[in-house]
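start_5.txt follows (compact mmCIF, C-alpha atoms):
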```txt
# COMPACT_ATOMS: atom_id res chain seq x y z
CA MET A 1 -25.53 -64.26 21.94
CA THR A 2 -23.28 -66.34 19.66
CA ASN A 3 -20.96 -64.86 17.05
CA ARG A 4 -23.34 -65.95 14.32
CA GLY A 5 -26.18 -64.26 16.17
CA GLN A 6 -24.18 -61.05 16.39
CA ILE A 7 -23.42 -61.12 12.67
CA ARG A 8 -27.12 -61.53 11.89
CA ALA A 9 -28.08 -58.84 14.38
CA ARG A 10 -25.90 -56.14 12.78
CA PRO A 11 -27.76 -55.78 9.46
CA PHE A 12 -31.01 -56.18 11.35
CA THR A 13 -30.05 -53.29 13.65
CA ALA A 14 -29.06 -51.16 10.66
CA GLY A 15 -32.40 -51.96 9.04
CA VAL A 16 -34.30 -51.01 12.20
CA LEU A 17 -32.38 -47.72 12.39
CA PHE A 18 -33.08 -46.76 8.79
CA LEU A 19 -36.67 -48.05 8.64
CA PRO A 20 -38.30 -45.02 10.32
CA LEU A 21 -36.52 -42.76 7.82
CA LEU A 22 -37.69 -44.88 4.92
CA LEU A 23 -41.26 -44.99 6.17
CA ALA A 24 -41.22 -41.24 6.76
CA GLY A 25 -40.32 -41.00 3.07
CA CYS A 26 -38.07 -37.99 3.48
CA ALA A 27 -34.39 -37.17 3.43
CA VAL A 28 -32.41 -36.34 6.56
CA ILE A 29 -31.72 -32.59 6.78
CA PHE A 30 -29.04 -31.18 9.09
CA VAL A 31 -28.40 -27.99 7.09
CA SER A 32 -31.01 -26.01 5.16
CA SER A 33 -31.21 -26.61 1.44
CA TYR A 34 -29.56 -24.66 -1.39
CA ASP A 35 -31.31 -21.48 -2.43
CA GLU A 36 -30.38 -20.08 -5.84
CA VAL A 37 -31.68 -16.57 -5.07
CA THR A 38 -29.54 -16.32 -1.91
CA ASP A 39 -26.52 -17.58 -3.83
CA GLN A 40 -27.01 -14.94 -6.53
CA GLN A 41 -27.47 -12.15 -3.98
CA ILE A 42 -24.26 -13.18 -2.21
CA GLN A 43 -22.42 -13.06 -5.56
CA ASP A 44 -23.83 -9.57 -6.22
CA ALA A 45 -22.82 -8.28 -2.78
CA ALA A 46 -19.34 -9.82 -3.19
CA LYS A 47 -18.96 -8.15 -6.58
CA LYS A 48 -19.93 -4.73 -5.21
CA THR A 49 -17.62 -5.14 -2.20
CA GLU A 50 -14.69 -6.20 -4.40
CA ALA A 51 -15.26 -3.12 -6.60
CA LEU A 52 -15.20 -0.92 -3.48
CA ILE A 53 -12.07 -2.58 -2.06
CA GLY A 54 -10.30 -2.36 -5.43
CA ASP A 55 -11.18 1.31 -5.78
CA VAL A 56 -9.88 2.17 -2.29
CA LEU A 57 -6.67 0.13 -2.68
CA VAL A 58 -5.81 1.39 -6.17
CA ASN A 59 -7.18 4.95 -6.19
CA ARG A 60 -7.07 5.64 -2.45
CA THR A 61 -10.55 7.13 -2.67
CA SER A 62 -11.90 9.19 0.24
CA TYR A 63 -14.61 7.92 2.57
CA ASN A 64 -17.12 10.45 1.22
CA GLN A 65 -16.64 9.09 -2.30
CA ASP A 66 -17.53 5.57 -1.13
CA ALA A 67 -20.03 6.24 1.69
CA LYS A 68 -23.00 5.33 -0.52
CA ASP A 69 -21.41 2.00 -1.49
CA TYR A 70 -20.98 1.00 2.16
CA GLN A 71 -24.63 1.81 2.74
CA GLU A 72 -25.75 -0.25 -0.27
CA ILE A 73 -23.59 -3.24 0.70
CA ASP A 74 -24.94 -3.22 4.26
CA GLY A 75 -28.48 -2.98 2.88
CA ALA A 76 -27.85 -5.96 0.58
CA LEU A 77 -26.38 -8.00 3.46
CA GLY A 78 -29.30 -7.01 5.71
CA ALA A 79 -31.77 -8.27 3.10
CA LEU A 80 -29.75 -11.49 2.79
CA GLU A 81 -29.83 -11.99 6.56
CA MET A 82 -33.59 -11.50 6.55
CA ARG A 83 -34.03 -14.07 3.77
CA ALA A 84 -31.64 -16.55 5.41
CA SER A 85 -33.51 -16.37 8.73
CA ASN A 86 -36.66 -17.64 7.02
CA TYR A 87 -35.14 -21.11 6.56
CA GLN A 88 -34.79 -23.66 9.33
CA LYS A 89 -31.38 -25.15 10.15
CA ASN A 90 -29.67 -22.22 8.48
CA GLU A 91 -27.62 -21.05 11.48
CA ALA A 92 -24.27 -21.23 9.66
CA GLU A 93 -25.41 -18.96 6.84
CA ILE A 94 -26.95 -16.44 9.26
CA ASP A 95 -23.83 -16.46 11.43
CA LEU A 96 -21.57 -15.84 8.41
CA ILE A 97 -23.72 -12.95 7.19
CA GLN A 98 -23.75 -11.36 10.65
CA LYS A 99 -19.97 -11.67 10.93
CA LEU A 100 -19.59 -10.20 7.45
CA ARG A 101 -21.75 -7.19 8.37
CA ALA A 102 -19.68 -6.63 11.53
CA ALA A 103 -16.43 -6.87 9.53
CA MET A 104 -17.76 -4.43 6.91
CA ARG A 105 -18.60 -1.94 9.67
CA ASN A 106 -15.03 -2.23 11.02
CA LEU A 107 -13.58 -1.68 7.55
CA GLN A 108 -15.88 1.29 7.04
CA ARG A 109 -14.72 2.73 10.38
CA ILE A 110 -11.06 2.51 9.34
CA HIS A 111 -11.88 4.31 6.11
CA LYS A 112 -14.03 6.96 7.80
CA GLU A 113 -11.93 7.71 10.91
CA ILE A 114 -8.38 7.08 9.67
CA GLY A 115 -8.25 6.98 5.88
CA PRO A 116 -8.11 4.52 2.96
CA PHE A 117 -7.64 0.99 4.27
CA ARG A 118 -4.77 -1.29 3.22
CA GLN A 119 -4.85 -4.69 1.51
CA ALA A 120 -4.27 -6.73 4.70
CA GLU A 121 -7.02 -4.78 6.45
CA ALA A 122 -9.53 -5.86 3.81
CA GLU A 123 -8.58 -9.55 4.14
CA GLY A 124 -11.11 -10.27 6.93
CA VAL A 125 -14.03 -9.12 4.78
CA ARG A 126 -12.74 -10.99 1.74
CA SER A 127 -12.26 -14.19 3.75
CA LEU A 128 -15.79 -13.99 5.15
CA PHE A 129 -17.19 -13.64 1.64
CA ARG A 130 -15.17 -16.70 0.58
CA SER A 131 -16.52 -18.66 3.57
CA LEU A 132 -20.07 -17.69 2.68
CA ILE A 133 -19.58 -18.60 -1.00
CA HIS A 134 -17.95 -21.89 0.06
CA HIS A 135 -21.00 -22.66 2.23
CA GLU A 136 -23.34 -22.02 -0.70
CA LEU A 137 -21.23 -24.26 -2.95
CA SER A 138 -21.36 -27.04 -0.35
CA LYS A 139 -25.14 -26.77 -0.28
CA LYS A 140 -25.26 -26.75 -4.08
CA ARG A 141 -23.00 -29.82 -4.23
CA SER A 142 -25.22 -31.55 -1.67
CA ALA A 143 -28.28 -30.82 -3.85
CA GLY A 144 -26.37 -32.38 -6.77
CA LEU A 145 -25.76 -35.49 -4.69
CA GLY A 146 -29.48 -35.93 -4.20
CA GLY A 147 -29.76 -33.73 -1.15
CA PRO A 148 -32.64 -31.34 -0.50
CA THR A 149 -33.36 -28.42 -2.84
CA GLN A 150 -35.80 -25.52 -2.60
CA MET B 1 -32.95 -58.73 -0.82
CA ASN B 2 -29.35 -59.63 0.04
CA VAL B 3 -28.82 -57.85 3.35
CA GLU B 4 -25.01 -58.09 3.40
CA ASP B 5 -24.71 -56.86 -0.18
CA THR B 6 -27.15 -54.00 0.47
CA LEU B 7 -25.30 -53.02 3.64
CA LYS B 8 -21.99 -52.97 1.73
CA LYS B 9 -23.50 -50.77 -0.98
CA MET B 10 -25.02 -48.45 1.63
CA LEU B 11 -21.64 -47.97 3.31
CA GLU B 12 -19.93 -47.38 -0.04
CA ALA B 13 -22.54 -44.79 -1.05
CA ALA B 14 -22.23 -43.01 2.34
CA ALA B 15 -18.42 -42.97 2.19
CA ALA B 16 -18.42 -41.61 -1.38
CA ALA B 17 -20.86 -38.82 -0.47
CA ALA B 18 -18.84 -37.80 2.59
CA GLN B 19 -15.49 -38.00 0.75
CA ILE B 20 -16.52 -35.38 -1.82
CA HIS B 21 -17.19 -32.87 0.97
CA TRP B 22 -14.08 -33.87 2.93
CA ASN B 23 -11.71 -33.15 0.00
CA ASP B 24 -13.34 -29.80 -0.60
CA PHE B 25 -13.38 -28.89 3.10
CA ARG B 26 -9.67 -29.59 3.56
CA THR B 27 -8.56 -27.53 0.56
CA PHE B 28 -10.75 -24.61 1.63
CA ALA B 29 -9.68 -24.57 5.30
CA GLU B 30 -5.96 -24.86 4.48
CA GLN B 31 -6.06 -22.01 1.97
CA GLU B 32 -8.14 -19.71 4.19
CA PHE B 33 -5.98 -20.18 7.29
CA ARG B 34 -2.89 -19.51 5.16
CA ASN B 35 -4.44 -16.25 3.84
CA LEU B 36 -5.42 -15.13 7.34
CA ALA B 37 -1.99 -15.94 8.79
CA GLU B 38 -0.28 -13.94 6.02
CA ALA B 39 -2.66 -11.01 6.55
CA GLY B 40 -1.97 -11.15 10.31
CA ALA B 41 1.78 -10.93 9.72
CA GLN B 42 1.27 -7.96 7.38
CA LEU B 43 -0.96 -6.17 9.93
CA GLU B 44 1.70 -6.60 12.57
CA ALA B 45 4.37 -5.15 10.24
CA ASP B 46 2.07 -2.24 9.32
CA TYR B 47 1.41 -1.46 12.99
CA VAL B 48 5.13 -1.43 13.85
CA ALA B 49 5.80 0.89 10.87
CA ASP B 50 2.89 3.19 11.84
CA VAL B 51 4.13 3.52 15.43
CA ALA B 52 7.69 4.20 14.24
CA GLU B 53 6.36 6.90 11.92
CA ALA B 54 4.29 8.39 14.76
CA GLU B 55 7.39 8.62 16.93
CA LEU B 56 8.93 10.95 14.35
CA GLN B 57 6.23 13.57 15.00
CA GLN B 58 7.69 16.59 16.84
CA ASP B 59 4.38 17.80 18.23
CA PRO B 60 3.36 15.56 21.20
CA THR B 61 -0.37 16.01 20.46
CA GLU B 62 0.09 14.94 16.84
CA ARG B 63 2.34 12.08 17.95
CA ASP B 64 -0.29 10.79 20.36
CA GLU B 65 -3.01 11.15 17.74
CA ALA B 66 -0.94 9.22 15.17
CA LYS B 67 -0.33 6.46 17.72
CA ARG B 68 -4.03 6.33 18.60
CA LYS B 69 -4.94 5.95 14.94
CA ALA B 70 -2.30 3.24 14.44
CA LYS B 71 -3.73 1.29 17.37
CA LEU B 72 -7.33 1.76 16.26
CA ARG B 73 -6.73 0.53 12.69
CA ALA B 74 -4.73 -2.45 13.99
CA ASP B 75 -7.46 -3.31 16.53
CA LEU B 76 -10.23 -3.13 13.93
CA ALA B 77 -8.27 -5.12 11.34
CA PHE B 78 -7.32 -7.84 13.86
CA GLU B 79 -10.94 -8.01 14.99
CA ASN B 80 -11.85 -8.68 11.35
CA LEU B 81 -9.28 -11.48 11.14
CA ARG B 82 -10.79 -12.99 14.29
CA LEU B 83 -14.27 -12.80 12.74
CA ALA B 84 -12.92 -14.36 9.53
CA SER B 85 -11.22 -17.22 11.43
CA GLU B 86 -14.49 -17.95 13.20
CA GLY B 87 -16.19 -17.76 9.81
CA VAL B 88 -13.92 -20.50 8.42
CA LEU B 89 -14.81 -22.61 11.45
CA THR B 90 -18.54 -21.98 10.93
CA ALA B 91 -18.29 -22.95 7.25
CA THR B 92 -16.28 -26.10 7.94
CA LYS B 93 -18.60 -27.21 10.76
CA ALA B 94 -21.51 -26.83 8.34
CA ASP B 95 -19.51 -28.86 5.79
CA ALA B 96 -19.25 -31.71 8.29
CA LYS B 97 -23.01 -31.61 8.89
CA ILE B 98 -23.71 -31.58 5.15
CA ALA B 99 -21.32 -34.51 4.65
CA ALA B 100 -23.10 -36.51 7.37
CA GLN B 101 -26.48 -35.59 5.90
CA ASP B 102 -25.46 -36.68 2.39
CA ALA B 103 -23.85 -39.89 3.68
CA ILE B 104 -27.03 -40.91 5.51
CA ASN B 105 -29.25 -39.95 2.58
CA ALA B 106 -27.05 -41.87 0.14
CA ALA B 107 -27.34 -44.96 2.36
CA ILE B 108 -31.12 -44.54 2.63
CA GLY B 109 -31.31 -44.24 -1.17
CA VAL B 110 -29.51 -47.56 -1.61
CA LEU B 111 -31.79 -49.22 0.94
CA GLN B 112 -34.91 -47.82 -0.75
CA ASP B 113 -33.74 -49.15 -4.13
CA ALA B 114 -32.99 -52.56 -2.64
CA ILE B 115 -36.42 -52.82 -1.00
CA ASN B 116 -38.26 -51.62 -4.11
CA LYS B 117 -36.30 -54.08 -6.24
CA SER B 118 -37.03 -56.87 -3.78
CA VAL B 119 -40.81 -56.34 -3.69
CA GLY B 120 -40.96 -55.60 -7.42
CA VAL B 121 -42.84 -52.29 -7.11
CA ALA B 122 -41.89 -48.74 -6.10
CA LEU B 123 -43.09 -49.21 -2.53
CA LEU B 124 -40.90 -46.50 -0.93
```

Represent the structure of the file as structure tokens.
Amino acid sequence: MTNRGQIRARPFTAGVLFLPLLLAGCAVIFVSSYDEVTDQQIQDAAKKTEALIGDVLVNRTSYNQDAKDYQEIDGALGALEMRASNYQKNEAEIDLIQKLRAAMRNLQRIHKEIGPFRQAEAEGVRSLFRSLIHHELSKKRSAGLGGPTQ
Amino acid sequence: MNVEDTLKKMLEAAAAAAQIHWNDFRTFAEQEFRNLAEAGAQLEADYVADVAEAELQQDPTERDEAKRKAKLRADLAFENLRLASEGVLTATKADAKIAAQDAINAAIGVLQDAINKSVGVALL
């Protein structure tokens, strides 16, 4: 094929690649779409967890004083995991929630078996919440760019 | 429809969509890894201090128990930092997928507009 032929072939190839997507009339989806309810529930769980961490760090509260909060946070995260698993291509969100639940259980164990946890010991849980919130914001931004929405 | 012009616009739209995610991804990953590294250093310092304090115990049983607790809290906290590091990786991998998704969809959008404009009706 000549150089001119190659130059003509390139846009043609691009057109052929995109044509099935155009004819299908739908957007490409690699990651499940933004869900406002999930986002709000994550914010609520983060708020409750931050209140618990703050209380333990500042007031050095006993495990018995906070046992109910741990239970409620795990319940909220369990419900989130259940909701997240209903969407296809949502592996990242599910993985982050599962890691967060595991990290919360470790934090709870420190509090229960040893005593009030320290700031650096709470960092894993805080970071996982930030990763989860970041993921939701990326999805939200994608929806704003014309990506899929619920 | 001008194919070259459309192709150029498709590439520009794709690059712009991906760039927005890339900037955000980089800031997030840098900050998170910094936080985790600082927390790791603090955990190490806490563990050394806890073991030194345990050594001061006169009673061997209490000393061993204090050491066991120091190790347990360090193990659990480091496990959480490992989970958090993997979490940053999970979030950033998803960012890359979202960026690719938006780049492709932006390019398709441009192509759809160009075809519709060319045929004079909203065909696609």

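Using all atoms listed in the file, the nearest neighbour of chain A within the list B:Asn35, B:Asn116, B:Thr61, B:Thr27 is B:Asn35.
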
Can you write out as a tab-separated table which residues of chain B fall within 7 Å of chain A, alongside each residue's closest atom pair and its distance in Å to one decimal, counting all atoms listed in the file and ordering rows by chain and ascending residue number?
```
residue	atom	partner	partner_atom	distance
B:Val3	CA	A:Pro11	CA	6.5
B:Leu7	CA	A:Pro11	CA	6.9
B:Glu32	CA	A:Ser127	CA	6.9
B:Ala39	CA	A:Ala120	CA	4.9
B:Gln42	CA	A:Ala120	CA	6.3
B:Leu43	CA	A:Ala120	CA	6.2
B:Lys69	CA	A:Ile114	CA	6.4
B:Arg73	CA	A:Ile110	CA	5.8
B:Leu76	CA	A:Asn106	CA	5.7
B:Ala77	CA	A:Glu121	CA	5.1
B:Asn80	CA	A:Gly124	CA	4.8
B:Leu81	CA	A:Gly124	CA	4.7
B:Leu83	CA	A:Lys99	CA	6.1
B:Ala84	CA	A:Gly124	CA	5.2
B:Gly87	CA	A:Leu96	CA	5.9
B:Val88	CA	A:Ser131	CA	5.8
B:Thr90	CA	A:Ala92	CA	5.9
B:Ala91	CA	A:His135	CA	5.7
B:Ala94	CA	A:Ala92	CA	6.4
B:Asp95	CA	A:Ser138	CA	6.7
B:Lys97	CA	A:Phe30	CA	6.0
B:Ile98	CA	A:Val31	CA	6.2
B:Gln101	CA	A:Val28	CA	6.0
B:Asp102	CA	A:Gly147	CA	6.3
B:Asn105	CA	A:Ala27	CA	5.9
B:Ile108	CA	A:Phe18	CA	6.8
B:Gln112	CA	A:Leu22	CA	7.0
B:Leu124	CA	A:Gly25	CA	6.8
```

I need the residues from that last selection saved to file as a short mmCIF file (atom, residue, chain, number, x, y, z; two decimals), in the coordinates of the input (with C-alpha atoms), if you can.
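Below you can see part_23.cif, which holds the result:
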```cif
data_model
loop_
_atom_site.label_atom_id
_atom_site.label_comp_id
_atom_site.auth_asym_id
_atom_site.auth_seq_id
_atom_site.Cartn_x
_atom_site.Cartn_y
_atom_site.Cartn_z
CA VAL B 3 -28.82 -57.85 3.35
CA LEU B 7 -25.30 -53.02 3.64
CA GLU B 32 -8.14 -19.71 4.19
CA ALA B 39 -2.66 -11.01 6.55
CA GLN B 42 1.27 -7.96 7.38
CA LEU B 43 -0.96 -6.17 9.93
CA LYS B 69 -4.94 5.95 14.94
CA ARG B 73 -6.73 0.53 12.69
CA LEU B 76 -10.23 -3.13 13.93
CA ALA B 77 -8.27 -5.12 11.34
CA ASN B 80 -11.85 -8.68 11.35
CA LEU B 81 -9.28 -11.48 11.14
CA LEU B 83 -14.27 -12.80 12.74
CA ALA B 84 -12.92 -14.36 9.53
CA GLY B 87 -16.19 -17.76 9.81
CA VAL B 88 -13.92 -20.50 8.42
CA THR B 90 -18.54 -21.98 10.93
CA ALA B 91 -18.29 -22.95 7.25
CA ALA B 94 -21.51 -26.83 8.34
CA ASP B 95 -19.51 -28.86 5.79
CA LYS B 97 -23.01 -31.61 8.89
CA ILE B 98 -23.71 -31.58 5.15
CA GLN B 101 -26.48 -35.59 5.90
CA ASP B 102 -25.46 -36.68 2.39
CA ASN B 105 -29.25 -39.95 2.58
CA ILE B 108 -31.12 -44.54 2.63
CA GLN B 112 -34.91 -47.82 -0.75
CA LEU B 124 -40.90 -46.50 -0.93
#
```

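Interatomic distance, atom CA of Arg63 of chain B to atom CA of Asp75 of chain B: 18.3 Å.
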
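For the pair atom CA of Lys112 of chain A and atom CA of Gln58 of chain B, the separation is 25.4 Å.
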
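We find atom CA of Tyr70 of chain A and atom CA of Leu36 of chain B to be spaced 23.0 Å apart.
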
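Considering all atoms listed in the file, the residue among B:Lys8, B:Ala18, B:Asn2, B:Gly120 positioned nearest to Ala103 of chain B is B:Ala18.
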